file model-v4.pdb (PDB, C-alpha atoms, pLDDT in the B column)
MODEL        1
ATOM      1  CA  MET A  27      24.071 -18.378   1.204  1.00 34.00           C
ATOM      2  CA  THR A  28      25.262 -21.834   0.242  1.00 34.00           C
ATOM      3  CA  SER A  29      26.837 -23.059   3.471  1.00 35.00           C
ATOM      4  CA  GLU A  30      25.208 -25.868   5.433  1.00 35.00           C
ATOM      5  CA  GLN A  31      25.437 -23.846   8.636  1.00 36.00           C
ATOM      6  CA  PRO A  32      23.769 -20.499   7.839  1.00 37.00           C
ATOM      7  CA  ALA A  33      25.178 -17.403   9.430  1.00 37.00           C
ATOM      8  CA  GLU A  34      23.219 -15.747  12.207  1.00 39.00           C
ATOM      9  CA  PRO A  35      21.085 -12.825  10.951  1.00 40.00           C
ATOM     10  CA  SER A  36      23.039  -9.658  11.620  1.00 33.00           C
ATOM     11  CA  GLU A  37      21.050  -6.865  13.183  1.00 31.00           C
ATOM     12  CA  LEU A  38      24.016  -4.586  12.503  1.00 29.00           C
ATOM     13  CA  GLU A  39      24.623  -5.409   8.859  1.00 29.00           C
ATOM     14  CA  GLU A  40      21.260  -6.084   7.228  1.00 30.00           C
ATOM     15  CA  PRO A  41      19.824  -2.547   7.160  1.00 28.00           C
ATOM     16  CA  GLU A  42      23.203  -1.256   5.938  1.00 27.00           C
ATOM     17  CA  GLU A  43      23.128  -3.707   3.036  1.00 27.00           C
ATOM     18  CA  GLU A  44      19.692  -2.440   2.076  1.00 29.00           C
ATOM     19  CA  GLY A  45      20.877   1.157   2.294  1.00 30.00           C
ATOM     20  CA  HIS A  46      18.215   2.278   4.761  1.00 31.00           C
ATOM     21  CA  GLY A  47      18.687   5.134   7.174  1.00 32.00           C
ATOM     22  CA  THR A  48      21.786   6.523   8.841  1.00 31.00           C
ATOM     23  CA  PRO A  49      23.866   5.251  11.782  1.00 33.00           C
ATOM     24  CA  VAL A  50      22.897   6.236  15.293  1.00 35.00           C
ATOM     25  CA  GLY A  51      25.403   8.071  17.430  1.00 39.00           C
ATOM     26  CA  ARG A  52      27.734   6.421  19.946  1.00 38.00           C
ATOM     27  CA  ARG A  53      26.062   8.251  22.845  1.00 42.00           C
ATOM     28  CA  LEU A  54      22.648   6.835  21.918  1.00 41.00           C
ATOM     29  CA  VAL A  55      24.070   3.316  21.596  1.00 37.00           C
ATOM     30  CA  LEU A  56      25.678   3.492  25.033  1.00 39.00           C
ATOM     31  CA  GLY A  57      22.477   4.860  26.498  1.00 45.00           C
ATOM     32  CA  MET A  58      20.442   1.996  25.037  1.00 42.00           C
ATOM     33  CA  LEU A  59      22.908  -0.564  26.372  1.00 41.00           C
ATOM     34  CA  GLY A  60      22.605   0.965  29.829  1.00 44.00           C
ATOM     35  CA  LEU A  61      18.830   0.860  29.660  1.00 43.00           C
ATOM     36  CA  GLY A  62      18.939  -2.759  28.529  1.00 44.00           C
ATOM     37  CA  ALA A  63      21.038  -3.749  31.525  1.00 41.00           C
ATOM     38  CA  LEU A  64      18.749  -1.815  33.826  1.00 42.00           C
ATOM     39  CA  GLY A  65      15.705  -3.625  32.473  1.00 43.00           C
ATOM     40  CA  VAL A  66      16.994  -7.021  33.525  1.00 40.00           C
ATOM     41  CA  ALA A  67      16.509  -6.224  37.203  1.00 40.00           C
ATOM     42  CA  ALA A  68      13.894  -3.491  37.015  1.00 42.00           C
ATOM     43  CA  ALA A  69      10.506  -3.530  38.705  1.00 44.00           C
ATOM     44  CA  PRO A  70       7.538  -4.439  36.462  1.00 42.00           C
ATOM     45  CA  PRO A  71       6.354  -0.828  35.861  1.00 46.00           C
ATOM     46  CA  LEU A  72       9.847   0.193  34.759  1.00 44.00           C
ATOM     47  CA  GLN A  73      10.133  -2.926  32.596  1.00 41.00           C
ATOM     48  CA  ARG A  74       6.910  -2.003  30.827  1.00 43.00           C
ATOM     49  CA  GLY A  75       8.239   1.488  30.217  1.00 47.00           C
ATOM     50  CA  LEU A  76      11.518   0.077  28.947  1.00 44.00           C
ATOM     51  CA  GLU A  77       9.655  -2.294  26.638  1.00 44.00           C
ATOM     52  CA  SER A  78       7.727   0.616  25.154  1.00 47.00           C
ATOM     53  CA  PHE A  79      10.889   2.690  24.763  1.00 46.00           C
ATOM     54  CA  LEU A  80      12.851  -0.066  23.044  1.00 45.00           C
ATOM     55  CA  GLY A  81       9.949  -0.880  20.765  1.00 48.00           C
ATOM     56  CA  ASN A  82       9.666   2.734  19.634  1.00 49.00           C
ATOM     57  CA  ALA A  83      13.436   3.079  19.339  1.00 47.00           C
ATOM     58  CA  ALA A  84      13.714  -0.101  17.272  1.00 47.00           C
ATOM     59  CA  ASP A  85      11.173   1.242  14.808  1.00 47.00           C
ATOM     60  CA  LYS A  86      13.426   4.250  14.182  1.00 46.00           C
ATOM     61  CA  ASP A  87      16.819   2.537  14.487  1.00 42.00           C
ATOM     62  CA  PRO A  88      18.363   1.854  11.041  1.00 41.00           C
ATOM     63  CA  THR A  89      21.304  -0.037  12.553  1.00 37.00           C
ATOM     64  CA  GLY A  90      19.186  -2.648  14.350  1.00 42.00           C
ATOM     65  CA  LEU A  91      21.243  -2.177  17.542  1.00 39.00           C
ATOM     66  CA  THR A  92      18.089  -2.166  19.645  1.00 42.00           C
ATOM     67  CA  GLY A  93      17.565  -5.736  18.487  1.00 45.00           C
ATOM     68  CA  LEU A  94      20.555  -6.754  20.599  1.00 42.00           C
ATOM     69  CA  LEU A  95      18.852  -5.662  23.804  1.00 44.00           C
ATOM     70  CA  PRO A  96      16.410  -7.736  25.870  1.00 45.00           C
ATOM     71  CA  ASN A  97      13.353  -5.985  27.200  1.00 48.00           C
ATOM     72  CA  GLY A  98      11.675  -6.899  30.472  1.00 46.00           C
ATOM     73  CA  GLY A  99       9.970  -9.869  28.809  1.00 60.00           C
ATOM     74  CA  GLY A 100      13.161 -11.291  27.320  1.00 67.00           C
ATOM     75  CA  PHE A 101      12.336 -10.518  23.679  1.00 78.00           C
ATOM     76  CA  ARG A 102      14.615  -8.729  21.215  1.00 73.00           C
ATOM     77  CA  TYR A 103      13.157  -6.142  18.886  1.00 71.00           C
ATOM     78  CA  TYR A 104      14.169  -6.471  15.277  1.00 70.00           C
ATOM     79  CA  SER A 105      12.862  -5.452  11.873  1.00 79.00           C
ATOM     80  CA  VAL A 106      14.442  -5.921   8.456  1.00 86.00           C
ATOM     81  CA  ALA A 107      12.745  -2.722   7.247  1.00 85.00           C
ATOM     82  CA  SER A 108      13.968   0.753   8.100  1.00 80.00           C
ATOM     83  CA  SER A 109      10.505   1.745   9.339  1.00 87.00           C
ATOM     84  CA  VAL A 110       7.088   0.140   9.671  1.00 93.00           C
ATOM     85  CA  PRO A 111       3.764   2.007   9.476  1.00 94.00           C
ATOM     86  CA  HIS A 112       1.388   1.753  12.408  1.00 96.00           C
ATOM     87  CA  LYS A 113      -1.998   0.193  11.687  1.00 97.00           C
ATOM     88  CA  GLY A 114      -5.080  -0.204  13.850  1.00 96.00           C
ATOM     89  CA  ALA A 115      -8.769  -0.997  13.747  1.00 96.00           C
ATOM     90  CA  ASP A 116      -9.514   1.691  11.156  1.00 96.00           C
ATOM     91  CA  ASP A 117      -6.952   0.774   8.514  1.00 97.00           C
ATOM     92  CA  TYR A 118      -5.714  -2.764   9.168  1.00 98.00           C
ATOM     93  CA  ARG A 119      -6.655  -5.376   6.569  1.00 98.00           C
ATOM     94  CA  LEU A 120      -5.686  -9.039   6.121  1.00 98.00           C
ATOM     95  CA  THR A 121      -6.092 -10.407   2.589  1.00 98.00           C
ATOM     96  CA  ILE A 122      -6.392 -14.090   1.702  1.00 98.00           C
ATOM     97  CA  ASP A 123      -5.930 -14.834  -1.989  1.00 98.00           C
ATOM     98  CA  GLY A 124      -4.106 -17.001  -4.506  1.00 98.00           C
ATOM     99  CA  LEU A 125      -5.384 -20.523  -5.125  1.00 98.00           C
ATOM    100  CA  VAL A 126      -8.657 -20.119  -3.232  1.00 98.00           C
ATOM    101  CA  ASP A 127     -12.299 -20.140  -4.293  1.00 98.00           C
ATOM    102  CA  ARG A 128     -13.281 -17.165  -2.158  1.00 98.00           C
ATOM    103  CA  PRO A 129     -10.619 -14.453  -1.852  1.00 98.00           C
ATOM    104  CA  THR A 130     -11.346 -12.514   1.301  1.00 97.00           C
ATOM    105  CA  THR A 131     -10.217  -9.392   3.104  1.00 98.00           C
ATOM    106  CA  TYR A 132     -10.715  -9.162   6.868  1.00 98.00           C
ATOM    107  CA  ALA A 133     -10.818  -6.062   9.015  1.00 98.00           C
ATOM    108  CA  LEU A 134      -9.421  -6.251  12.528  1.00 98.00           C
ATOM    109  CA  ALA A 135     -12.886  -6.286  14.097  1.00 98.00           C
ATOM    110  CA  GLU A 136     -13.870  -9.276  11.954  1.00 98.00           C
ATOM    111  CA  LEU A 137     -10.848 -11.270  13.079  1.00 98.00           C
ATOM    112  CA  ARG A 138     -11.566 -10.411  16.713  1.00 98.00           C
ATOM    113  CA  ALA A 139     -15.156 -11.633  16.311  1.00 98.00           C
ATOM    114  CA  MET A 140     -14.055 -15.113  15.224  1.00 98.00           C
ATOM    115  CA  PRO A 141     -13.462 -17.993  17.685  1.00 98.00           C
ATOM    116  CA  GLN A 142     -10.100 -17.534  19.411  1.00 98.00           C
ATOM    117  CA  THR A 143      -7.548 -20.182  20.380  1.00 98.00           C
ATOM    118  CA  ARG A 144      -5.070 -19.602  23.237  1.00 98.00           C
ATOM    119  CA  LEU A 145      -1.679 -21.300  23.371  1.00 98.00           C
ATOM    120  CA  VAL A 146       1.050 -21.014  25.998  1.00 98.00           C
ATOM    121  CA  ARG A 147       4.434 -22.156  24.693  1.00 97.00           C
ATOM    122  CA  ASP A 148       8.086 -21.250  24.894  1.00 97.00           C
ATOM    123  CA  VAL A 149       9.339 -18.921  22.160  1.00 96.00           C
ATOM    124  CA  GLN A 150      12.710 -19.953  20.728  1.00 95.00           C
ATOM    125  CA  CYS A 151      14.744 -17.674  18.455  1.00 93.00           C
ATOM    126  CA  VAL A 152      17.256 -19.207  16.064  1.00 93.00           C
ATOM    127  CA  THR A 153      19.859 -16.778  17.450  1.00 89.00           C
ATOM    128  CA  GLY A 154      19.653 -18.519  20.827  1.00 91.00           C
ATOM    129  CA  TRP A 155      17.385 -16.576  23.169  1.00 90.00           C
ATOM    130  CA  ARG A 156      14.254 -18.208  24.559  1.00 93.00           C
ATOM    131  CA  VAL A 157      11.209 -16.803  26.370  1.00 93.00           C
ATOM    132  CA  PRO A 158       9.320 -19.457  28.352  1.00 95.00           C
ATOM    133  CA  ASP A 159       5.555 -19.823  28.781  1.00 95.00           C
ATOM    134  CA  THR A 160       4.459 -17.083  26.393  1.00 96.00           C
ATOM    135  CA  PRO A 161       0.683 -16.841  25.778  1.00 97.00           C
ATOM    136  CA  PHE A 162      -0.579 -16.227  22.238  1.00 98.00           C
ATOM    137  CA  GLU A 163      -4.217 -15.980  21.254  1.00 98.00           C
ATOM    138  CA  GLY A 164      -5.862 -15.698  17.857  1.00 98.00           C
ATOM    139  CA  VAL A 165      -7.657 -17.400  14.997  1.00 98.00           C
ATOM    140  CA  GLN A 166      -6.401 -20.786  13.879  1.00 98.00           C
ATOM    141  CA  LEU A 167      -4.981 -20.345  10.397  1.00 98.00           C
ATOM    142  CA  SER A 168      -6.780 -23.502   9.280  1.00 98.00           C
ATOM    143  CA  ARG A 169     -10.134 -21.819   9.980  1.00 98.00           C
ATOM    144  CA  LEU A 170      -9.302 -18.942   7.630  1.00 98.00           C
ATOM    145  CA  LEU A 171      -8.071 -21.352   4.957  1.00 98.00           C
ATOM    146  CA  ASP A 172     -11.267 -23.388   5.157  1.00 98.00           C
ATOM    147  CA  ALA A 173     -13.377 -20.246   4.868  1.00 98.00           C
ATOM    148  CA  ALA A 174     -11.471 -19.222   1.737  1.00 98.00           C
ATOM    149  CA  GLY A 175     -11.826 -22.640   0.098  1.00 98.00           C
ATOM    150  CA  VAL A 176      -8.359 -23.943  -0.771  1.00 98.00           C
ATOM    151  CA  ARG A 177      -8.099 -25.262  -4.316  1.00 98.00           C
ATOM    152  CA  PRO A 178      -6.587 -28.737  -4.989  1.00 98.00           C
ATOM    153  CA  ALA A 179      -3.547 -27.274  -6.749  1.00 98.00           C
ATOM    154  CA  ALA A 180      -2.424 -25.438  -3.591  1.00 98.00           C
ATOM    155  CA  THR A 181       0.303 -27.099  -1.520  1.00 98.00           C
ATOM    156  CA  ALA A 182       1.791 -24.116   0.318  1.00 98.00           C
ATOM    157  CA  VAL A 183       1.015 -20.769   1.945  1.00 98.00           C
ATOM    158  CA  ARG A 184       2.978 -17.560   1.504  1.00 98.00           C
ATOM    159  CA  PHE A 185       2.789 -14.747   4.055  1.00 98.00           C
ATOM    160  CA  THR A 186       3.481 -11.081   3.357  1.00 98.00           C
ATOM    161  CA  CYS A 187       3.752  -8.193   5.796  1.00 97.00           C
ATOM    162  CA  PHE A 188       2.900  -4.507   5.774  1.00 97.00           C
ATOM    163  CA  ASP A 189       6.501  -3.580   6.511  1.00 95.00           C
ATOM    164  CA  GLY A 190       6.867  -4.065   2.743  1.00 94.00           C
ATOM    165  CA  THR A 191       9.855  -6.390   3.103  1.00 94.00           C
ATOM    166  CA  TYR A 192       9.345  -9.510   5.193  1.00 96.00           C
ATOM    167  CA  THR A 193       7.894 -12.738   3.809  1.00 97.00           C
ATOM    168  CA  GLU A 194       7.441 -16.280   5.120  1.00 98.00           C
ATOM    169  CA  SER A 195       5.955 -19.579   3.988  1.00 98.00           C
ATOM    170  CA  LEU A 196       4.642 -22.907   5.219  1.00 98.00           C
ATOM    171  CA  THR A 197       3.497 -26.051   3.520  1.00 98.00           C
ATOM    172  CA  LEU A 198      -0.273 -26.404   3.498  1.00 98.00           C
ATOM    173  CA  ARG A 199       0.004 -29.329   5.906  1.00 98.00           C
ATOM    174  CA  GLN A 200       2.064 -27.227   8.335  1.00 98.00           C
ATOM    175  CA  ALA A 201      -0.319 -24.295   8.008  1.00 98.00           C
ATOM    176  CA  ARG A 202      -3.274 -26.488   8.999  1.00 98.00           C
ATOM    177  CA  ARG A 203      -1.748 -27.479  12.337  1.00 98.00           C
ATOM    178  CA  ASP A 204      -3.770 -26.595  15.427  1.00 97.00           C
ATOM    179  CA  ASP A 205      -0.810 -24.661  16.850  1.00 98.00           C
ATOM    180  CA  VAL A 206      -0.483 -22.180  13.973  1.00 98.00           C
ATOM    181  CA  LEU A 207      -2.361 -18.950  14.694  1.00 98.00           C
ATOM    182  CA  VAL A 208      -3.139 -15.615  13.148  1.00 98.00           C
ATOM    183  CA  ALA A 209      -2.416 -14.003  16.503  1.00 98.00           C
ATOM    184  CA  LEU A 210      -4.230 -10.959  17.859  1.00 98.00           C
ATOM    185  CA  ARG A 211      -3.016 -11.189  21.451  1.00 98.00           C
ATOM    186  CA  MET A 212       0.398 -11.893  22.953  1.00 96.00           C
ATOM    187  CA  GLN A 213       1.268 -12.068  26.655  1.00 94.00           C
ATOM    188  CA  ASP A 214      -2.463 -11.636  27.384  1.00 96.00           C
ATOM    189  CA  LYS A 215      -2.757  -8.239  25.731  1.00 96.00           C
ATOM    190  CA  PRO A 216      -3.250  -7.047  22.152  1.00 97.00           C
ATOM    191  CA  VAL A 217      -0.166  -7.612  20.029  1.00 96.00           C
ATOM    192  CA  SER A 218       1.743  -4.331  20.176  1.00 94.00           C
ATOM    193  CA  HIS A 219       3.234  -2.676  17.119  1.00 94.00           C
ATOM    194  CA  SER A 220       6.736  -3.557  18.286  1.00 90.00           C
ATOM    195  CA  HIS A 221       5.777  -7.231  18.520  1.00 93.00           C
ATOM    196  CA  GLY A 222       4.253  -7.212  15.036  1.00 95.00           C
ATOM    197  CA  GLY A 223       0.737  -6.010  15.745  1.00 97.00           C
ATOM    198  CA  PRO A 224      -2.043  -5.588  15.387  1.00 98.00           C
ATOM    199  CA  VAL A 225      -1.863  -9.046  13.770  1.00 98.00           C
ATOM    200  CA  ARG A 226       1.070 -11.432  13.446  1.00 98.00           C
ATOM    201  CA  LEU A 227       1.608 -15.054  12.555  1.00 98.00           C
ATOM    202  CA  TYR A 228       2.469 -17.514  15.324  1.00 98.00           C
ATOM    203  CA  VAL A 229       3.950 -20.898  14.404  1.00 98.00           C
ATOM    204  CA  ALA A 230       4.400 -22.525  17.798  1.00 98.00           C
ATOM    205  CA  PRO A 231       6.700 -25.482  16.978  1.00 98.00           C
ATOM    206  CA  MET A 232       9.115 -23.550  14.748  1.00 98.00           C
ATOM    207  CA  TYR A 233      11.860 -20.988  15.305  1.00 97.00           C
ATOM    208  CA  PHE A 234      10.454 -17.528  15.804  1.00 95.00           C
ATOM    209  CA  TYR A 235      11.492 -16.159  12.400  1.00 96.00           C
ATOM    210  CA  LYS A 236       8.610 -18.207  10.956  1.00 97.00           C
ATOM    211  CA  SER A 237       6.126 -16.182  13.071  1.00 97.00           C
ATOM    212  CA  ALA A 238       5.973 -13.218  10.718  1.00 97.00           C
ATOM    213  CA  LYS A 239       5.259  -9.807  12.243  1.00 96.00           C
ATOM    214  CA  TRP A 240       2.858  -7.202  10.786  1.00 97.00           C
ATOM    215  CA  LEU A 241       0.943  -9.836   8.841  1.00 98.00           C
ATOM    216  CA  SER A 242      -1.075  -8.454   5.919  1.00 98.00           C
ATOM    217  CA  GLY A 243      -1.331 -11.176   3.279  1.00 98.00           C
ATOM    218  CA  ILE A 244      -1.948 -14.930   3.095  1.00 98.00           C
ATOM    219  CA  THR A 245      -1.551 -16.373  -0.400  1.00 98.00           C
ATOM    220  CA  LEU A 246      -2.122 -19.990  -1.402  1.00 98.00           C
ATOM    221  CA  THR A 247       0.507 -21.190  -3.868  1.00 98.00           C
ATOM    222  CA  GLU A 248       1.463 -24.302  -5.815  1.00 98.00           C
ATOM    223  CA  ASP A 249       4.900 -24.554  -4.201  1.00 97.00           C
ATOM    224  CA  VAL A 250       6.724 -23.332  -1.111  1.00 97.00           C
ATOM    225  CA  ARG A 251       8.494 -20.053  -1.754  1.00 95.00           C
ATOM    226  CA  PRO A 252      11.415 -19.408   0.611  1.00 96.00           C
ATOM    227  CA  GLY A 253      10.852 -16.464   2.924  1.00 96.00           C
ATOM    228  CA  TYR A 254      13.105 -13.532   3.769  1.00 95.00           C
ATOM    229  CA  TRP A 255      15.557 -15.396   5.997  1.00 94.00           C
ATOM    230  CA  GLU A 256      15.391 -18.644   4.010  1.00 96.00           C
ATOM    231  CA  GLU A 257      16.663 -16.709   0.991  1.00 96.00           C
ATOM    232  CA  ARG A 258      19.626 -15.824   3.195  1.00 94.00           C
ATOM    233  CA  GLY A 259      20.446 -19.378   4.279  1.00 95.00           C
ATOM    234  CA  TYR A 260      17.999 -20.336   7.010  1.00 96.00           C
ATOM    235  CA  ASP A 261      16.028 -23.586   6.884  1.00 97.00           C
ATOM    236  CA  VAL A 262      12.577 -23.492   5.293  1.00 97.00           C
ATOM    237  CA  ASP A 263      11.337 -26.222   7.641  1.00 97.00           C
ATOM    238  CA  ALA A 264      12.324 -24.544  10.891  1.00 97.00           C
ATOM    239  CA  TRP A 265      11.323 -27.052  13.586  1.00 98.00           C
ATOM    240  CA  VAL A 266      12.826 -26.071  16.922  1.00 98.00           C
ATOM    241  CA  GLY A 267      15.705 -28.398  17.777  1.00 97.00           C
ATOM    242  CA  ARG A 268      15.629 -30.157  14.399  1.00 96.00           C
ATOM    243  CA  SER A 269      16.833 -27.481  11.983  1.00 97.00           C
ATOM    244  CA  ASN A 270      19.381 -24.728  11.398  1.00 96.00           C
ATOM    245  CA  GLY A 271      22.092 -26.858  13.015  1.00 96.00           C
ATOM    246  CA  ARG A 272      20.616 -26.299  16.492  1.00 96.00           C
ATOM    247  CA  ASP A 273      19.581 -28.775  19.192  1.00 96.00           C
ATOM    248  CA  ASP A 274      17.259 -26.629  21.330  1.00 97.00           C
ATOM    249  CA  GLU A 275      14.505 -28.272  23.328  1.00 96.00           C
ATOM    250  CA  PRO A 276      11.256 -28.347  21.317  1.00 96.00           C
ATOM    251  CA  THR A 277       8.649 -25.713  22.117  1.00 93.00           C
ATOM    252  CA  THR A 278       5.734 -28.176  21.992  1.00 74.00           C
TER     253      THR A 278
ENDMDL
END

call {"tool": "encode", "arguments": {"input": "model-v4.pdb", "output": "structure tokens"}}
result
Amino acid sequence: MTSEQPAEPSELEEPEEEGHGTPVGRRLVLGMLGLGALGVAAAPPLQRGLESFLGNAADKDPTGLTGLLPNGGGFRYYSVASSVPHKGADDYRLTIDGLVDRPTTYALAELRAMPQTRLVRDVQCVTGWRVPDTPFEGVQLSRLLDAAGVRPAATAVRFTCFDGTYTESLTLRQARRDDVLVALRMQDKPVSHSHGGPVRLYVAPMYFYKSAKWLSGITLTEDVRPGYWEERGYDVDAWVGRSNGRDDEPTT
């Protein structure tokens, strides 16, 4: 995209452009819309069930229509891949490489054993929805970078995901902020698969597309490489309220 005001990411069009999957039927769409409306006023147990249903449905929904629906917590489910494998303690790995002295691969148990930082901030999506006072907990990214030994030539960090499609990036200075986490917990429970678990990135002061789901790789690079949505017109520096033509209240 070359316009100054990037188009909103289209949950309906993106998977079709990539040629993934087949459309869901009209009956299923109407059923999901009804469930979404029900979830707005549902009791907590039903909301939790709805959240689980929508998360599982989104993982199998090639149209992305489930991404239009709020669950009980106010989040939308969305993936740019047609399907995402499930990973857990036995097979999850996070690799740190690139311009570092000590390339490292962490298992989930190793990340859990490290000192954890808890943040409670609003989550702001560039498409407009906002979820207030959302707890995230995990390892400060700066701690992992220090352990790997960042080389002088590195000025940026690139993030890759085990969905095989999504990427993101930060400058090294941004990545070293205290409010940037490799998150293991969200809403005071382990990050679910639907929310990008078992490990996701959390960049508190930026729009939520910077907080990459299903995090699997952290690579130190010489220059910032635009991520998935930046290649499609979104701002690389995605500060809430100061980018993407939006004036939302900051989340910090």

call {"tool": "closest_residue", "arguments": {"input": "model-v4.pdb", "among": "A:Cys151, A:Ala209, A:Ala174, A:Lys215", "to": "A:Gly267", "atoms": "all atoms listed in the file"}}
result
A:Cys151

call {"tool": "residues_around", "arguments": {"input": "model-v4.pdb", "residues": "A:Asp214", "least_positions_apart": "4", "cutoff": "8 Å", "atoms": "all atoms listed in the file", "output": "list in words"}}
result
Pro161, Phe162 and Glu163 of chain A

call {"tool": "write_last_selection", "arguments": {"input": "model-v4.pdb", "atoms": "C-alpha atoms", "output": "PDB file, keeping the file's coordinate frame"}}
result
ATOM      1  CA  PRO A 161       0.683 -16.841  25.778  1.00 97.00           C
ATOM      2  CA  PHE A 162      -0.579 -16.227  22.238  1.00 98.00           C
ATOM      3  CA  GLU A 163      -4.217 -15.980  21.254  1.00 98.00           C
TER       4      GLU A 163
END

call {"tool": "atom_distance", "arguments": {"input": "model-v4.pdb", "atom1": "atom CA of A:Arg119", "atom2": "atom CA of A:Tyr103"}}
result
23.3 Å

call {"tool": "residues_around", "arguments": {"input": "model-v4.pdb", "residues": "A:Arg268", "least_positions_apart": "5", "cutoff": "12 Å", "atoms": "only C-alpha atoms", "output": "PyMOL selection string"}}
result
chain A and resi 152+231-233+261-263+273-277

call {"tool": "residues_near_point", "arguments": {"input": "model-v4.pdb", "point": "(-10.1, 0.1, 5.4)", "cutoff": "10 Å", "atoms": "all atoms listed in the file", "output": "PyMOL selection string"}}
result
chain A and resi 114-119+131-134

call {"tool": "write_last_selection", "arguments": {"input": "model-v4.pdb", "atoms": "C-alpha atoms", "output": "mmCIF file, in the frame of the given file"}}
result
data_model
loop_
_atom_site.group_PDB
_atom_site.id
_atom_site.type_symbol
_atom_site.label_atom_id
_atom_site.label_comp_id
_atom_site.auth_asym_id
_atom_site.auth_seq_id
_atom_site.Cartn_x
_atom_site.Cartn_y
_atom_site.Cartn_z
ATOM 1 C CA GLY A 114 -5.080 -0.204 13.850
ATOM 2 C CA ALA A 115 -8.769 -0.997 13.747
ATOM 3 C CA ASP A 116 -9.514 1.691 11.156
ATOM 4 C CA ASP A 117 -6.952 0.774 8.514
ATOM 5 C CA TYR A 118 -5.714 -2.764 9.168
ATOM 6 C CA ARG A 119 -6.655 -5.376 6.569
ATOM 7 C CA THR A 131 -10.217 -9.392 3.104
ATOM 8 C CA TYR A 132 -10.715 -9.162 6.868
ATOM 9 C CA ALA A 133 -10.818 -6.062 9.015
ATOM 10 C CA LEU A 134 -9.421 -6.251 12.528
#

call {"tool": "resolve_selection", "arguments": {"input": "model-v4.pdb", "expression": "the PyMOL selection byres ((chain A and resi 164) around 12)", "output": "number ranges by chain"}}
result
A: 134, 136-146, 161-163, 165-170, 204-217, 223-229

call {"tool": "closest_residue", "arguments": {"input": "model-v4.pdb", "among": "A:Leu120, A:Leu198, A:Ala238, A:Ala179", "to": "A:Tyr104", "atoms": "all atoms listed in the file"}}
result
A:Ala238

call {"tool": "residues_around", "arguments": {"input": "model-v4.pdb", "residues": "A:Arg199", "least_positions_apart": "3", "cutoff": "10 Å", "atoms": "only C-alpha atoms", "output": "PyMOL selection string"}}
result
chain A and resi 168+181-183+196+202-203

call {"tool": "resolve_selection", "arguments": {"input": "model-v4.pdb", "expression": "the PyMOL selection byres ((chain A and resi 128) around 9)", "output": "MDAnalysis selection string"}}
result
chainID A and resid 122:123 126:127 129:130 173:176

call {"tool": "resolve_selection", "arguments": {"input": "model-v4.pdb", "expression": "the PyMOL selection byres ((chain A and resi 158) around 9)", "output": "VMD selection string"}}
result
chain A and resid 146 to 150 156 to 157 159 to 160 277

call {"tool": "decode", "arguments": {"input": "model-v4.pdb", "residues": "stretch 250-259 of chain A", "atoms": "N, CA, C and O atoms", "output": "compact mmCIF listing (two decimals), in the first residue's frame"}}
result
# COMPACT_ATOMS: atom_id res chain seq x y z
N VAL A 250 15.62 -2.43 10.78
CA VAL A 250 14.22 -2.81 10.98
C VAL A 250 13.67 -3.39 9.67
O VAL A 250 13.82 -2.80 8.61
N ARG A 251 13.04 -4.52 9.79
CA ARG A 251 12.37 -5.14 8.64
C ARG A 251 10.86 -5.07 8.88
O ARG A 251 10.38 -5.63 9.86
N PRO A 252 10.13 -4.40 8.03
CA PRO A 252 8.68 -4.28 8.24
C PRO A 252 8.03 -5.64 8.43
O PRO A 252 8.37 -6.62 7.76
N GLY A 253 7.08 -5.69 9.36
CA GLY A 253 6.36 -6.93 9.64
C GLY A 253 5.20 -7.14 8.69
O GLY A 253 5.00 -6.39 7.72
N TYR A 254 4.40 -8.16 9.01
CA TYR A 254 3.31 -8.58 8.11
C TYR A 254 2.39 -7.42 7.75
O TYR A 254 2.13 -7.16 6.58
N TRP A 255 1.86 -6.72 8.77
CA TRP A 255 0.91 -5.65 8.46
C TRP A 255 1.61 -4.39 7.98
O TRP A 255 1.02 -3.60 7.24
N GLU A 256 2.86 -4.16 8.38
CA GLU A 256 3.57 -2.98 7.85
C GLU A 256 3.80 -3.11 6.35
O GLU A 256 3.78 -2.12 5.62
N GLU A 257 4.02 -4.33 5.88
CA GLU A 257 4.16 -4.55 4.43
C GLU A 257 2.86 -4.27 3.70
O GLU A 257 2.86 -4.12 2.47
N ARG A 258 1.77 -4.18 4.44
CA ARG A 258 0.47 -3.91 3.84
C ARG A 258 -0.05 -2.51 4.21
O ARG A 258 -1.23 -2.24 4.10
N GLY A 259 0.85 -1.63 4.66
CA GLY A 259 0.50 -0.23 4.83
C GLY A 259 0.43 0.30 6.23
O GLY A 259 0.27 1.50 6.42
